[in-house]
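Coordinates from target.pdb are shown below (PDB, C-alpha atoms).
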ATOM      1  CA  MET A1073    -168.169 -65.821 189.598
ATOM      2  CA  ALA A1074    -171.088 -65.356 187.250
ATOM      3  CA  LYS A1075    -170.591 -66.799 183.788
ATOM      4  CA  THR A1076    -170.097 -64.208 181.041
ATOM      5  CA  GLU A1077    -172.872 -64.350 178.455
ATOM      6  CA  ALA A1078    -171.860 -64.891 174.849
ATOM      7  CA  GLU A1079    -172.033 -61.873 172.555
ATOM      8  CA  VAL A1080    -174.729 -63.593 170.493
ATOM      9  CA  TYR A1081    -178.108 -61.962 169.905
ATOM     10  CA  LEU A1082    -181.348 -63.133 168.305
ATOM     11  CA  PHE A1083    -183.505 -60.374 166.842
ATOM     12  CA  THR A1084    -186.749 -61.474 165.189
ATOM     13  CA  GLY A1085    -189.989 -59.898 163.980
ATOM     14  CA  PRO A1086    -191.173 -57.690 161.107
ATOM     15  CA  GLU A1087    -190.263 -54.228 162.508
ATOM     16  CA  ASN A1088    -186.983 -53.786 160.640
ATOM     17  CA  GLY A1089    -186.436 -50.140 161.526
ATOM     18  CA  ASN A1090    -186.189 -50.646 165.279
ATOM     19  CA  LYS A1091    -184.318 -53.878 164.664
ATOM     20  CA  SER A1092    -181.669 -52.061 162.599
ATOM     21  CA  ASP A1093    -181.387 -49.377 165.284
ATOM     22  CA  SER A1094    -180.669 -52.062 167.893
ATOM     23  CA  VAL A1095    -178.012 -53.688 165.703
ATOM     24  CA  PHE A1096    -176.394 -50.275 165.167
ATOM     25  CA  ALA A1097    -176.369 -49.668 168.941
ATOM     26  CA  LEU A1098    -174.685 -53.037 169.564
ATOM     27  CA  ARG A1099    -172.074 -52.278 166.931
ATOM     28  CA  ALA A1100    -171.403 -48.866 168.501
ATOM     29  CA  LEU A1101    -170.896 -50.544 171.899
ATOM     30  CA  ALA A1102    -168.447 -53.036 170.378
ATOM     31  CA  GLU A1103    -166.491 -50.206 168.710
ATOM     32  CA  LYS A1104    -166.394 -48.263 171.984
ATOM     33  CA  LYS A1105    -165.074 -51.321 173.809
ATOM     34  CA  TYR A1106    -162.597 -52.671 171.239
ATOM     35  CA  GLY A1107    -161.866 -49.778 168.896
ATOM     36  CA  ALA A1108    -161.862 -50.861 165.255
ATOM     37  CA  VAL A1109    -164.337 -53.690 164.558
ATOM     38  CA  ASP A1110    -164.577 -55.633 161.278
ATOM     39  CA  PHE A1111    -168.209 -55.824 160.098
ATOM     40  CA  TYR A1112    -169.666 -58.649 157.982
ATOM     41  CA  LYS A1113    -173.239 -59.407 156.884
ATOM     42  CA  TYR A1114    -174.368 -62.832 155.648
ATOM     43  CA  TYR A1115    -177.698 -64.197 154.419
ATOM     44  CA  ALA A1116    -178.719 -67.702 155.412
ATOM     45  CA  SER A1117    -180.281 -68.125 151.959
ATOM     46  CA  GLU A1118    -176.856 -67.684 150.342
ATOM     47  CA  ALA A1119    -174.037 -68.385 152.812
ATOM     48  CA  ARG A1120    -172.902 -71.682 154.314
ATOM     49  CA  ILE A1121    -173.221 -71.698 158.099
ATOM     50  CA  ALA A1122    -169.809 -73.349 158.322
ATOM     51  CA  ASP A1123    -168.269 -70.368 156.484
ATOM     52  CA  VAL A1124    -169.990 -67.851 158.785
ATOM     53  CA  LEU A1125    -168.686 -69.644 161.876
ATOM     54  CA  ALA A1126    -165.207 -69.975 160.359
ATOM     55  CA  GLN A1127    -165.188 -66.185 159.922
ATOM     56  CA  LEU A1128    -166.155 -65.713 163.581
ATOM     57  CA  GLN A1129    -163.540 -68.152 164.825
ATOM     58  CA  ASN A1130    -160.652 -66.666 162.808
ATOM     59  CA  GLU A1131    -158.612 -63.848 164.290
ATOM     60  CA  SER A1132    -158.728 -60.526 162.453
ATOM     61  CA  LEU A1133    -155.328 -59.160 161.422
ATOM     62  CA  PHE A1134    -156.408 -55.529 161.628
ATOM     63  CA  SER A1135    -159.146 -55.318 164.297
ATOM     64  CA  ALA A1136    -159.620 -56.438 167.873
ATOM     65  CA  ALA A1137    -163.048 -57.945 167.185
ATOM     66  CA  LEU A1138    -165.544 -58.979 164.518
ATOM     67  CA  PHE A1139    -169.202 -57.983 164.265
ATOM     68  CA  VAL A1140    -171.237 -60.442 162.168
ATOM     69  CA  VAL A1141    -174.920 -60.218 161.198
ATOM     70  CA  LEU A1142    -176.653 -63.366 159.911
ATOM     71  CA  GLU A1143    -180.020 -62.602 158.283
ATOM     72  CA  ASN A1144    -182.931 -64.849 157.129
ATOM     73  CA  ALA A1145    -182.336 -67.143 160.102
ATOM     74  CA  GLU A1146    -185.779 -68.730 159.635
ATOM     75  CA  LEU A1147    -184.252 -70.548 156.652
ATOM     76  CA  ILE A1148    -181.730 -72.395 158.833
ATOM     77  CA  LYS A1149    -183.348 -75.839 158.953
ATOM     78  CA  GLN A1150    -180.570 -78.406 158.512
ATOM     79  CA  LYS A1151    -179.726 -80.239 161.746
ATOM     80  CA  ALA A1152    -175.998 -80.002 161.071
ATOM     81  CA  ASP A1153    -176.188 -76.210 160.631
ATOM     82  CA  ILE A1154    -178.256 -75.764 163.794
ATOM     83  CA  ASP A1155    -175.922 -77.989 165.806
ATOM     84  CA  MET A1156    -172.885 -76.002 164.606
ATOM     85  CA  LEU A1157    -174.524 -72.701 165.571
ATOM     86  CA  VAL A1158    -175.611 -73.997 168.978
ATOM     87  CA  ALA A1159    -172.105 -75.317 169.675
ATOM     88  CA  TYR A1160    -170.614 -71.938 168.737
ATOM     89  CA  ILE A1161    -173.065 -70.043 170.972
ATOM     90  CA  LYS A1162    -172.311 -72.270 173.961
ATOM     91  CA  GLY A1163    -168.573 -71.804 173.514
ATOM     92  CA  ALA A1164    -168.559 -68.106 172.603
ATOM     93  CA  SER A1165    -168.598 -66.588 176.101
ATOM     94  CA  ALA A1166    -164.860 -65.902 175.982
ATOM     95  CA  SER A1167    -164.945 -64.368 172.490
ATOM     96  CA  ALA A1168    -164.773 -60.661 171.767
ATOM     97  CA  ASN A1169    -166.681 -61.224 168.532
ATOM     98  CA  THR A1170    -170.393 -60.409 168.204
ATOM     99  CA  LEU A1171    -172.941 -62.447 166.248
ATOM    100  CA  VAL A1172    -176.421 -61.049 165.596
ATOM    101  CA  ILE A1173    -178.908 -63.589 164.211
ATOM    102  CA  GLU A1174    -181.853 -61.909 162.469
ATOM    103  CA  SER A1175    -185.196 -62.988 161.026
ATOM    104  CA  ASP A1176    -188.278 -61.139 159.783
ATOM    105  CA  GLU A1177    -190.323 -64.031 161.189
ATOM    106  CA  ASN A1178    -191.291 -64.068 164.864
ATOM    107  CA  SER A1179    -189.302 -67.206 165.647
ATOM    108  CA  VAL A1180    -186.575 -69.516 164.361
ATOM    109  CA  ASP A1181    -185.672 -73.142 165.116
ATOM    110  CA  LYS A1182    -186.490 -73.876 168.781
ATOM    111  CA  LYS A1183    -183.085 -75.399 169.506
ATOM    112  CA  LEU A1184    -181.375 -72.280 168.182
ATOM    113  CA  GLU A1185    -183.697 -70.006 170.157
ATOM    114  CA  ALA A1186    -182.998 -71.927 173.361
ATOM    115  CA  ALA A1187    -179.231 -71.550 172.956
ATOM    116  CA  VAL A1188    -179.303 -67.730 172.914
ATOM    117  CA  PRO A1189    -179.362 -66.079 176.384
ATOM    118  CA  ALA A1190    -182.832 -64.806 177.273
ATOM    119  CA  SER A1191    -181.535 -61.259 177.792
ATOM    120  CA  HIS A1192    -180.117 -61.295 174.255
ATOM    121  CA  LYS A1193    -183.389 -62.172 172.505
ATOM    122  CA  LYS A1194    -185.992 -59.709 171.323
ATOM    123  CA  ILE A1195    -189.017 -59.821 169.028
ATOM    124  CA  PHE A1196    -189.569 -56.555 167.145
ATOM    125  CA  TRP A1197    -193.318 -56.449 166.641
ATOM    126  CA  GLU A1198    -194.983 -54.382 163.930
ATOM    127  CA  MET A1199    -196.478 -51.115 165.116
ATOM    128  CA  PHE A1200    -200.179 -51.051 165.900
ATOM    129  CA  GLU A1201    -202.310 -49.310 163.264
ATOM    130  CA  ASN A1202    -203.024 -46.358 165.537
ATOM    131  CA  GLN A1203    -199.277 -45.844 166.170
ATOM    132  CA  LYS A1204    -198.263 -45.480 162.505
ATOM    133  CA  PRO A1205    -199.742 -41.998 161.799
ATOM    134  CA  GLN A1206    -198.209 -40.732 165.029
ATOM    135  CA  TRP A1207    -194.793 -42.096 164.003
ATOM    136  CA  VAL A1208    -194.962 -40.328 160.609
ATOM    137  CA  ARG A1209    -196.017 -37.012 162.124
ATOM    138  CA  ARG A1210    -193.285 -37.211 164.769
ATOM    139  CA  TYR A1211    -190.601 -38.082 162.184
ATOM    140  CA  PHE A1212    -191.467 -35.055 160.055
ATOM    141  CA  ASP A1213    -191.606 -32.833 163.134
ATOM    142  CA  GLN A1214    -188.184 -34.017 164.363
ATOM    143  CA  ASN A1215    -186.705 -33.029 161.016
ATOM    144  CA  GLY A1216    -188.277 -29.575 160.898
ATOM    145  CA  PHE A1217    -191.299 -30.332 158.699
ATOM    146  CA  SER A1218    -195.049 -30.674 159.172
ATOM    147  CA  VAL A1219    -197.477 -32.871 157.279
ATOM    148  CA  THR A1220    -201.231 -32.819 156.643
ATOM    149  CA  GLU A1221    -203.457 -35.653 157.851
ATOM    150  CA  ASP A1222    -204.379 -36.591 154.275
ATOM    151  CA  ALA A1223    -200.684 -36.746 153.368
ATOM    152  CA  VAL A1224    -199.995 -39.047 156.336
ATOM    153  CA  GLU A1225    -202.717 -41.430 155.157
ATOM    154  CA  GLN A1226    -201.384 -41.307 151.604
ATOM    155  CA  ILE A1227    -197.847 -42.129 152.772
ATOM    156  CA  LEU A1228    -199.058 -45.075 154.862
ATOM    157  CA  ASP A1229    -201.013 -46.377 151.858
ATOM    158  CA  MET A1230    -197.984 -46.220 149.578
ATOM    159  CA  VAL A1231    -195.168 -47.390 151.850
ATOM    160  CA  GLU A1232    -194.599 -50.626 153.739
ATOM    161  CA  ASN A1233    -195.427 -49.758 157.322
ATOM    162  CA  ASP A1234    -192.224 -50.796 159.077
ATOM    163  CA  THR A1235    -190.133 -47.879 160.341
ATOM    164  CA  ALA A1236    -187.173 -48.719 158.078
ATOM    165  CA  SER A1237    -189.279 -48.258 154.922
ATOM    166  CA  LEU A1238    -191.124 -45.245 156.335
ATOM    167  CA  ARG A1239    -187.869 -43.551 157.346
ATOM    168  CA  THR A1240    -186.367 -44.088 153.880
ATOM    169  CA  GLU A1241    -189.401 -42.801 151.971
ATOM    170  CA  CYS A1242    -190.196 -39.869 154.279
ATOM    171  CA  SER A1243    -186.574 -38.719 154.066
ATOM    172  CA  ARG A1244    -187.075 -38.039 150.355
ATOM    173  CA  PHE A1245    -189.089 -34.926 151.234
ATOM    174  CA  PHE A1246    -186.190 -33.442 153.204
ATOM    175  CA  TYR A1247    -184.089 -33.222 150.041
ATOM    176  CA  CYS A1248    -186.874 -31.679 147.968
ATOM    177  CA  PHE A1249    -188.197 -28.953 150.269
ATOM    178  CA  GLU A1250    -186.790 -26.438 152.719
ATOM    179  CA  LYS A1251    -187.285 -26.886 156.454
ATOM    180  CA  GLY A1252    -190.606 -25.589 157.666
ATOM    181  CA  HIS A1253    -192.457 -26.875 154.594
ATOM    182  CA  ARG A1254    -195.878 -28.476 155.180
ATOM    183  CA  VAL A1255    -196.101 -31.684 153.164
ATOM    184  CA  THR A1256    -199.414 -32.154 151.351
ATOM    185  CA  VAL A1257    -201.078 -34.918 149.341
ATOM    186  CA  GLU A1258    -199.898 -33.181 146.159
ATOM    187  CA  ASP A1259    -196.316 -33.364 147.443
ATOM    188  CA  VAL A1260    -196.708 -37.071 148.193
ATOM    189  CA  ASP A1261    -198.000 -37.735 144.677
ATOM    190  CA  LYS A1262    -195.117 -35.764 143.205
ATOM    191  CA  ILE A1263    -192.309 -37.259 145.313
ATOM    192  CA  LEU A1264    -193.397 -40.819 146.094
ATOM    193  CA  SER A1265    -195.697 -41.776 143.215
ATOM    194  CA  HIS A1266    -193.138 -40.849 140.571
ATOM    195  CA  ASN A1267    -190.103 -42.229 142.400
ATOM    196  CA  ARG A1268    -191.223 -45.201 144.452
ATOM    197  CA  GLU A1269    -189.752 -48.621 143.885
ATOM    198  CA  GLU A1270    -192.083 -51.459 143.041
ATOM    199  CA  ASN A1271    -192.843 -53.902 145.839
ATOM    200  CA  ALA A1272    -195.374 -56.539 146.875
ATOM    201  CA  PHE A1273    -197.962 -53.857 147.672
ATOM    202  CA  SER A1274    -197.760 -52.162 144.282
ATOM    203  CA  LEU A1275    -197.910 -55.650 142.753
ATOM    204  CA  PHE A1276    -201.137 -56.296 144.672
ATOM    205  CA  GLU A1277    -202.590 -53.036 143.320
ATOM    206  CA  ALA A1278    -201.849 -54.197 139.763
ATOM    207  CA  LEU A1279    -203.318 -57.649 140.434
ATOM    208  CA  ALA A1280    -206.477 -56.052 141.860
ATOM    209  CA  ASP A1281    -206.984 -53.416 139.149
ATOM    210  CA  GLY A1282    -210.559 -54.340 138.232
ATOM    211  CA  ASP A1283    -210.701 -51.689 135.522
ATOM    212  CA  ARG A1284    -208.491 -53.891 133.342
ATOM    213  CA  SER A1285    -209.083 -57.329 131.808
ATOM    214  CA  PRO A1286    -207.398 -60.395 133.364
ATOM    215  CA  TRP A1287    -204.841 -60.499 130.548
ATOM    216  CA  GLU A1288    -204.054 -56.807 130.946
ATOM    217  CA  ARG A1289    -203.661 -57.301 134.684
ATOM    218  CA  LEU A1290    -201.390 -60.274 133.996
ATOM    219  CA  GLU A1291    -199.178 -58.234 131.658
ATOM    220  CA  GLY A1292    -198.927 -55.284 134.056
ATOM    221  CA  SER A1293    -198.326 -57.499 137.075
ATOM    222  CA  LEU A1294    -195.572 -59.494 135.360
ATOM    223  CA  ALA A1295    -193.842 -56.223 134.429
ATOM    224  CA  ILE A1296    -193.915 -55.099 138.075
ATOM    225  CA  LEU A1297    -192.720 -58.521 139.232
ATOM    226  CA  GLN A1298    -189.763 -58.265 136.860
ATOM    227  CA  LYS A1299    -188.848 -54.822 138.257
ATOM    228  CA  ILE A1300    -189.012 -56.201 141.801
ATOM    229  CA  ARG A1301    -186.780 -59.128 140.878
ATOM    230  CA  LEU A1302    -184.214 -56.742 139.372
ATOM    231  CA  SER A1303    -184.229 -54.451 142.412
ATOM    232  CA  ARG A1304    -182.075 -54.672 145.535
ATOM    233  CA  ASP A1305    -185.111 -56.047 147.425
ATOM    234  CA  SER A1306    -185.700 -59.000 145.114
ATOM    235  CA  SER A1307    -186.413 -61.743 147.669
ATOM    236  CA  SER A1308    -189.265 -64.042 146.662
ATOM    237  CA  VAL A1309    -189.910 -64.587 150.379
ATOM    238  CA  ALA A1310    -190.626 -60.855 150.813
ATOM    239  CA  VAL A1311    -192.839 -60.753 147.697
ATOM    240  CA  ILE A1312    -194.959 -63.692 148.850
ATOM    241  CA  ALA A1313    -195.103 -62.396 152.440
ATOM    242  CA  GLY A1314    -196.321 -58.990 151.216
ATOM    243  CA  LEU A1315    -198.969 -60.513 148.949
ATOM    244  CA  THR A1316    -200.071 -62.841 151.753
ATOM    245  CA  TYR A1317    -200.554 -59.831 154.030
ATOM    246  CA  CYS A1318    -202.657 -58.073 151.367
ATOM    247  CA  PHE A1319    -204.887 -61.084 150.731
ATOM    248  CA  ARG A1320    -205.324 -61.669 154.471
ATOM    249  CA  GLN A1321    -206.453 -58.056 154.711
ATOM    250  CA  LEU A1322    -208.866 -58.736 151.861
ATOM    251  CA  ARG A1323    -210.207 -61.736 153.778
ATOM    252  CA  THR A1324    -210.725 -59.452 156.792
ATOM    253  CA  TYR A1325    -212.517 -56.956 154.546
ATOM    254  CA  HIS A1326    -214.926 -59.699 153.391
ATOM    255  CA  LEU A1327    -215.591 -60.690 157.016
ATOM    256  CA  LEU A1328    -216.453 -57.085 157.924
ATOM    257  CA  TYR A1329    -219.143 -57.072 155.221
ATOM    258  CA  ALA A1330    -220.242 -60.696 155.707
ATOM    259  CA  ASP A1331    -223.655 -59.837 157.182
ATOM    260  CA  GLY A1332    -224.501 -57.536 154.274
ATOM    261  CA  ARG A1333    -224.234 -54.347 156.305
ATOM    262  CA  SER A1334    -221.537 -51.696 156.078
ATOM    263  CA  PRO A1335    -219.261 -51.674 159.148
ATOM    264  CA  ALA A1336    -218.682 -48.511 161.143
ATOM    265  CA  GLU A1337    -215.712 -46.318 160.274
ATOM    266  CA  SER A1338    -214.116 -47.218 163.616
ATOM    267  CA  GLN A1339    -214.325 -50.936 162.740
ATOM    268  CA  LEU A1340    -212.650 -50.333 159.391
ATOM    269  CA  ARG A1341    -209.845 -48.341 160.972
ATOM    270  CA  ALA A1342    -209.324 -50.914 163.725
ATOM    271  CA  ALA A1343    -208.948 -53.604 161.050
ATOM    272  CA  GLY A1344    -206.243 -51.654 159.208
ATOM    273  CA  PHE A1345    -208.340 -49.813 156.602
ATOM    274  CA  SER A1346    -207.487 -46.430 158.023
ATOM    275  CA  SER A1347    -207.795 -44.300 154.887
ATOM    276  CA  LYS A1348    -210.254 -43.855 152.045
ATOM    277  CA  THR A1349    -207.558 -44.962 149.606
ATOM    278  CA  ALA A1350    -207.090 -48.295 151.407
ATOM    279  CA  GLN A1351    -210.847 -48.809 151.668
ATOM    280  CA  ASN A1352    -211.303 -48.134 147.938
ATOM    281  CA  ARG A1353    -208.443 -50.471 147.067
ATOM    282  CA  TYR A1354    -209.916 -53.389 148.999
ATOM    283  CA  ARG A1355    -213.435 -52.592 147.807
ATOM    284  CA  LYS A1356    -212.214 -53.012 144.214
ATOM    285  CA  ALA A1357    -210.306 -56.183 145.131
ATOM    286  CA  ALA A1358    -213.389 -57.635 146.859
ATOM    287  CA  ARG A1359    -215.346 -57.247 143.605
ATOM    288  CA  LEU A1360    -212.707 -59.304 141.793
ATOM    289  CA  TRP A1361    -212.241 -62.068 144.353
ATOM    290  CA  GLY A1362    -214.922 -63.433 146.651
ATOM    291  CA  ALA A1363    -214.175 -64.888 150.083
ATOM    292  CA  GLY A1364    -213.789 -68.426 148.709
ATOM    293  CA  THR A1365    -211.409 -67.287 145.974
ATOM    294  CA  VAL A1366    -209.319 -65.391 148.533
ATOM    295  CA  SER A1367    -208.911 -68.632 150.512
ATOM    296  CA  SER A1368    -207.742 -70.397 147.338
ATOM    297  CA  ILE A1369    -205.235 -67.631 146.617
ATOM    298  CA  LEU A1370    -203.865 -67.755 150.175
ATOM    299  CA  ALA A1371    -203.420 -71.523 149.854
ATOM    300  CA  LEU A1372    -201.633 -70.985 146.524
ATOM    301  CA  LEU A1373    -199.303 -68.392 148.073
ATOM    302  CA  SER A1374    -198.427 -70.801 150.875
ATOM    303  CA  ALA A1375    -197.798 -73.671 148.445
ATOM    304  CA  THR A1376    -195.609 -71.478 146.219
ATOM    305  CA  ASP A1377    -193.585 -70.278 149.198
ATOM    306  CA  MET A1378    -193.015 -73.863 150.326
ATOM    307  CA  ALA A1379    -192.058 -75.015 146.822
ATOM    308  CA  ILE A1380    -189.498 -72.211 146.407
ATOM    309  CA  ARG A1381    -187.944 -72.879 149.817
ATOM    310  CA  GLU A1382    -187.635 -76.584 148.987
ATOM    311  CA  SER A1383    -186.342 -76.283 145.412
ATOM    312  CA  GLY A1384    -184.133 -73.188 145.835
ATOM    313  CA  SER A1385    -183.558 -70.425 143.318
ATOM    314  CA  ALA A1386    -183.436 -72.543 140.139
ATOM    315  CA  GLN A1387    -187.193 -72.299 139.461
ATOM    316  CA  GLU A1388    -187.924 -69.203 141.557
ATOM    317  CA  ASP A1389    -188.799 -66.818 138.707
ATOM    318  CA  ALA A1390    -190.931 -69.416 136.930
ATOM    319  CA  ARG A1391    -192.896 -70.213 140.090
ATOM    320  CA  LEU A1392    -193.514 -66.517 140.811
ATOM    321  CA  ALA A1393    -194.706 -65.924 137.228
ATOM    322  CA  LEU A1394    -197.061 -68.921 137.488
ATOM    323  CA  LEU A1395    -198.315 -67.530 140.799
ATOM    324  CA  VAL A1396    -199.208 -64.210 139.139
ATOM    325  CA  TYR A1397    -200.859 -66.038 136.228
ATOM    326  CA  ALA A1398    -202.917 -68.208 138.579
ATOM    327  CA  ILE A1399    -204.128 -65.175 140.572
ATOM    328  CA  THR A1400    -205.049 -62.971 137.604
ATOM    329  CA  VAL A1401    -206.360 -65.516 135.103
ATOM    330  CA  LYS A1402    -207.276 -68.628 137.107
ATOM    331  CA  ASN A1403    -208.633 -66.952 140.290
ATOM    332  CA  GLY A1404    -206.174 -68.736 142.528
ATOM    333  CA  LEU A1405    -206.388 -72.171 140.924
ATOM    334  CA  PHE A1406    -203.003 -73.533 139.901
ATOM    335  CA  PRO A1407    -202.966 -74.664 136.234
ATOM    336  CA  ALA A1408    -203.506 -78.434 136.139
ATOM    337  CA  ALA A1409    -201.918 -78.831 132.710
ATOM    338  CA  TYR A1410    -199.754 -76.906 130.265
ATOM    339  CA  GLU A1411    -201.400 -73.678 129.114
ATOM    340  CA  ALA A1412    -199.882 -71.263 126.608
ATOM    341  CA  PHE A1413    -199.965 -67.612 127.658
TER     342      PHE A1413
END

Translate this structure into structure tokens?
Amino acid sequence: MAKTEAEVYLFTGPENGNKSDSVFALRALAEKKYGAVDFYKYYASEARIADVLAQLQNESLFSAALFVVLENAELIKQKADIDMLVAYIKGASASANTLVIESDENSVDKKLEAAVPASHKKIFWEMFENQKPQWVRRYFDQNGFSVTEDAVEQILDMVENDTASLRTECSRFFYCFEKGHRVTVEDVDKILSHNREENAFSLFEALADGDRSPWERLEGSLAILQKIRLSRDSSSVAVIAGLTYCFRQLRTYHLLYADGRSPAESQLRAAGFSSKTAQNRYRKAARLWGAGTVSSILALLSATDMAIRESGSAQEDARLALLVYAITVKNGLFPAAYEAF
């Protein structure tokens, strides 16, 4: 008799929309099989692995099964935690409970990866650049709307390009207009510009606003950082990851112009600069930070990320504020001594 595979899944990668859809489908299957299912979500940055496993191993008084999601799995580094998880996975084949281990990174600890059945692992890759406009157009069409090409570009410039974020932001239009409406750039400015939440990408725009002095950019950027930290999406990991993406794009932009000649429009689009807005944004940023400075900033982002992961949340806000100060005022050089600002 073939051994029953444990109801443990490992979903990794940055495409959170498709990832969430897959988790929802698994939960629906569990509910169809067992009826009522108790649902719990934990974050590895906050919960003890021992507590998560205790929840899975306890019988529910009111439901036939449990469905548990454990996010930020890339942060599970302690040997004891990994060993506990691996032991649970190996012994979970007889359990009705489901455990979904999630990470926005492409991989987690190798020992943990190896313990999950191959058929239960999936990496959710980010969409290719040429797929994103098509996704937006199709989403509007499925909901009874149309959208202009300029509006599609504007949306992709303003919203993180995973399908979860795009679905959330594009849905705003469905509450503001009647079906059949054609969404324009003016509509995007009205609905998204005035209502969007701050994130790493809007923080990058403030950091790269070359029309303002370094101290003005510092003040504006710190205000945006504070709003991000007070929002539901306040993770420093997400902030640093978003900024790292932006500065890597800026490095790519410098490489495209390295020989002193302007690249073809097709080259710009292939590299992710698909709209005039994105090209103008990185053109302004390139005037502020040369290729060498961008490398220094990327090293600073990496060092800050590592420091926060090692020291925990106690100094998180201070380290993020120093990061913003170093980028705007010190061009990516971390202050060597105390400086009043």

**Request:** Any chance you could resolve the PyMOL selection byres ((chain A and resi 1300-1315) around 9) against this file and give the residues as a list in words?
**Result:**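 Applied to this file, the PyMOL selection byres ((chain A and resi 1300-1315) around 9) returns Glu1232, Glu1269, Glu1270, Asn1271, Ala1272, Phe1273, Leu1275, Phe1276, Ala1295, Ile1296, Leu1297, Gln1298, Lys1299, Thr1316, Tyr1317, Cys1318, Phe1319, Arg1320, Leu1370, Leu1373, Ser1374, Thr1376, Asp1377, Ile1380, Arg1381, Glu1388, Asp1389 and Leu1392 of chain A.
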
**Message:** When you look at Ala1357 (chain A) with a cut-off of 10 Å (counting all atoms listed in the file), what residues show up, excluding the ones that are within fewer than 5 positions of it in the same chain? I need them as a list in words.
**Reply:** Phe1276, Glu1277, Leu1279, Ala1280, Asp1281, Gly1282, Phe1319, Leu1322, Tyr1325, Gln1351, Asn1352, Gly1362 and Val1366 of chain A

**Prompt:** For this file, the PyMOL selection byres ((chain A and resi 1140) around 9) selects which residues, as a list of chain:residue names?
**Reply:**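 Written out, the selection comes to A:Asp1110, A:Phe1111, A:Tyr1112, A:Lys1113, A:Tyr1114, A:Val1124, A:Gln1127, A:Leu1128, A:Leu1138, A:Phe1139, A:Val1141, A:Leu1142, A:Asn1169, A:Thr1170, A:Leu1171, A:Val1172, A:Ile1173.
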
**Asked** CA of Ser1167 (chain A) and CA of Ala1136 (chain A), how far apart in Å?
**Response**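 According to the coordinates, CA of Ala1136 (chain A) and CA of Ser1167 (chain A) are separated by 10.6 Å.
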
**Message:** Which residues are near Phe1200 (chain A)? Cut-off 10 Å, all atoms listed in the file, ignore same chain within fewer than 2 positions. Put them as a list in words.
**Reply:** Trp1197, Glu1198, Asn1202, Gln1203, Lys1204, Pro1205, Asn1233, Ala1342 and Gly1344 of chain A

**Request:** Apply the PyMOL selection byres ((chain A and resi 1243) around 12) to the structure shown and report the selected residues as an NGL selection string.
**Result:** :A and (1208 or 1211-1217 or 1227 or 1235-1242 or 1244-1249 or 1255 or 1260 or 1263-1264)

**Request:** Name the residues, using the chain letters and numbers of the file, that sit within 10 Å of (-181.9, -62.1, 168.9) when counting all atoms listed in the file, and give them as a ChimeraX atom specification.
**Result:** /A:1080-1085,1091,1095,1171-1175,1179-1180,1185,1188-1196

Take the residues just selected and output them with C-alpha atoms as a PDB file, in the coordinates of the input.
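Ended up saving to selection.pdb:
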ATOM      1  CA  VAL A1080    -174.729 -63.593 170.493  1.00  0.00           C
ATOM      2  CA  TYR A1081    -178.108 -61.962 169.905  1.00  0.00           C
ATOM      3  CA  LEU A1082    -181.348 -63.133 168.305  1.00  0.00           C
ATOM      4  CA  PHE A1083    -183.505 -60.374 166.842  1.00  0.00           C
ATOM      5  CA  THR A1084    -186.749 -61.474 165.189  1.00  0.00           C
ATOM      6  CA  GLY A1085    -189.989 -59.898 163.980  1.00  0.00           C
ATOM      7  CA  LYS A1091    -184.318 -53.878 164.664  1.00  0.00           C
ATOM      8  CA  VAL A1095    -178.012 -53.688 165.703  1.00  0.00           C
ATOM      9  CA  LEU A1171    -172.941 -62.447 166.248  1.00  0.00           C
ATOM     10  CA  VAL A1172    -176.421 -61.049 165.596  1.00  0.00           C
ATOM     11  CA  ILE A1173    -178.908 -63.589 164.211  1.00  0.00           C
ATOM     12  CA  GLU A1174    -181.853 -61.909 162.469  1.00  0.00           C
ATOM     13  CA  SER A1175    -185.196 -62.988 161.026  1.00  0.00           C
ATOM     14  CA  SER A1179    -189.302 -67.206 165.647  1.00  0.00           C
ATOM     15  CA  VAL A1180    -186.575 -69.516 164.361  1.00  0.00           C
ATOM     16  CA  GLU A1185    -183.697 -70.006 170.157  1.00  0.00           C
ATOM     17  CA  VAL A1188    -179.303 -67.730 172.914  1.00  0.00           C
ATOM     18  CA  PRO A1189    -179.362 -66.079 176.384  1.00  0.00           C
ATOM     19  CA  ALA A1190    -182.832 -64.806 177.273  1.00  0.00           C
ATOM     20  CA  SER A1191    -181.535 -61.259 177.792  1.00  0.00           C
ATOM     21  CA  HIS A1192    -180.117 -61.295 174.255  1.00  0.00           C
ATOM     22  CA  LYS A1193    -183.389 -62.172 172.505  1.00  0.00           C
ATOM     23  CA  LYS A1194    -185.992 -59.709 171.323  1.00  0.00           C
ATOM     24  CA  ILE A1195    -189.017 -59.821 169.028  1.00  0.00           C
ATOM     25  CA  PHE A1196    -189.569 -56.555 167.145  1.00  0.00           C
TER      26      PHE A1196
END

**Item:** Proximity to Ala1223 (chain A) - best of A:Glu1201, A:Asp1259, A:Asp1093, A:Glu1250, all atoms listed in the file
**Value:**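 Of A:Glu1201, A:Asp1259, A:Asp1093, A:Glu1250, the one nearest Ala1223 (chain A) is A:Asp1259, counting all atoms listed in the file.
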
**Item:** Pick from A:Ala1097, A:Asp1261, A:Gln1206, A:Leu1340, whichever lies nearest to Leu1328 (chain A) using all atoms listed in the file
**Value:**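 Checking each candidate against Leu1328 (chain A), we get A:Leu1340 as the closest.
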
**Item:** CA of Gln1129 (chain A) to CA of Leu1157 (chain A), straight-line distance in Å
**Value:**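 Straight-line distance from CA of Leu1157 (chain A) to CA of Gln1129 (chain A) works out to 11.9 Å.
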
**Asked** Which of these residues is nearest to Gly1163 (chain A), using only C-alpha atoms: A:Ala1137, A:Ala1078, A:Leu1360, A:Ala1122?
**Response** A:Ala1078

**One-decimal distance in Å that lies between CA of Met1378 (chain A) and CA of Lys1149 (chain A)** =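 Atom-to-atom, CA of Lys1149 (chain A) and CA of Met1378 (chain A) are spaced 13.1 Å apart.
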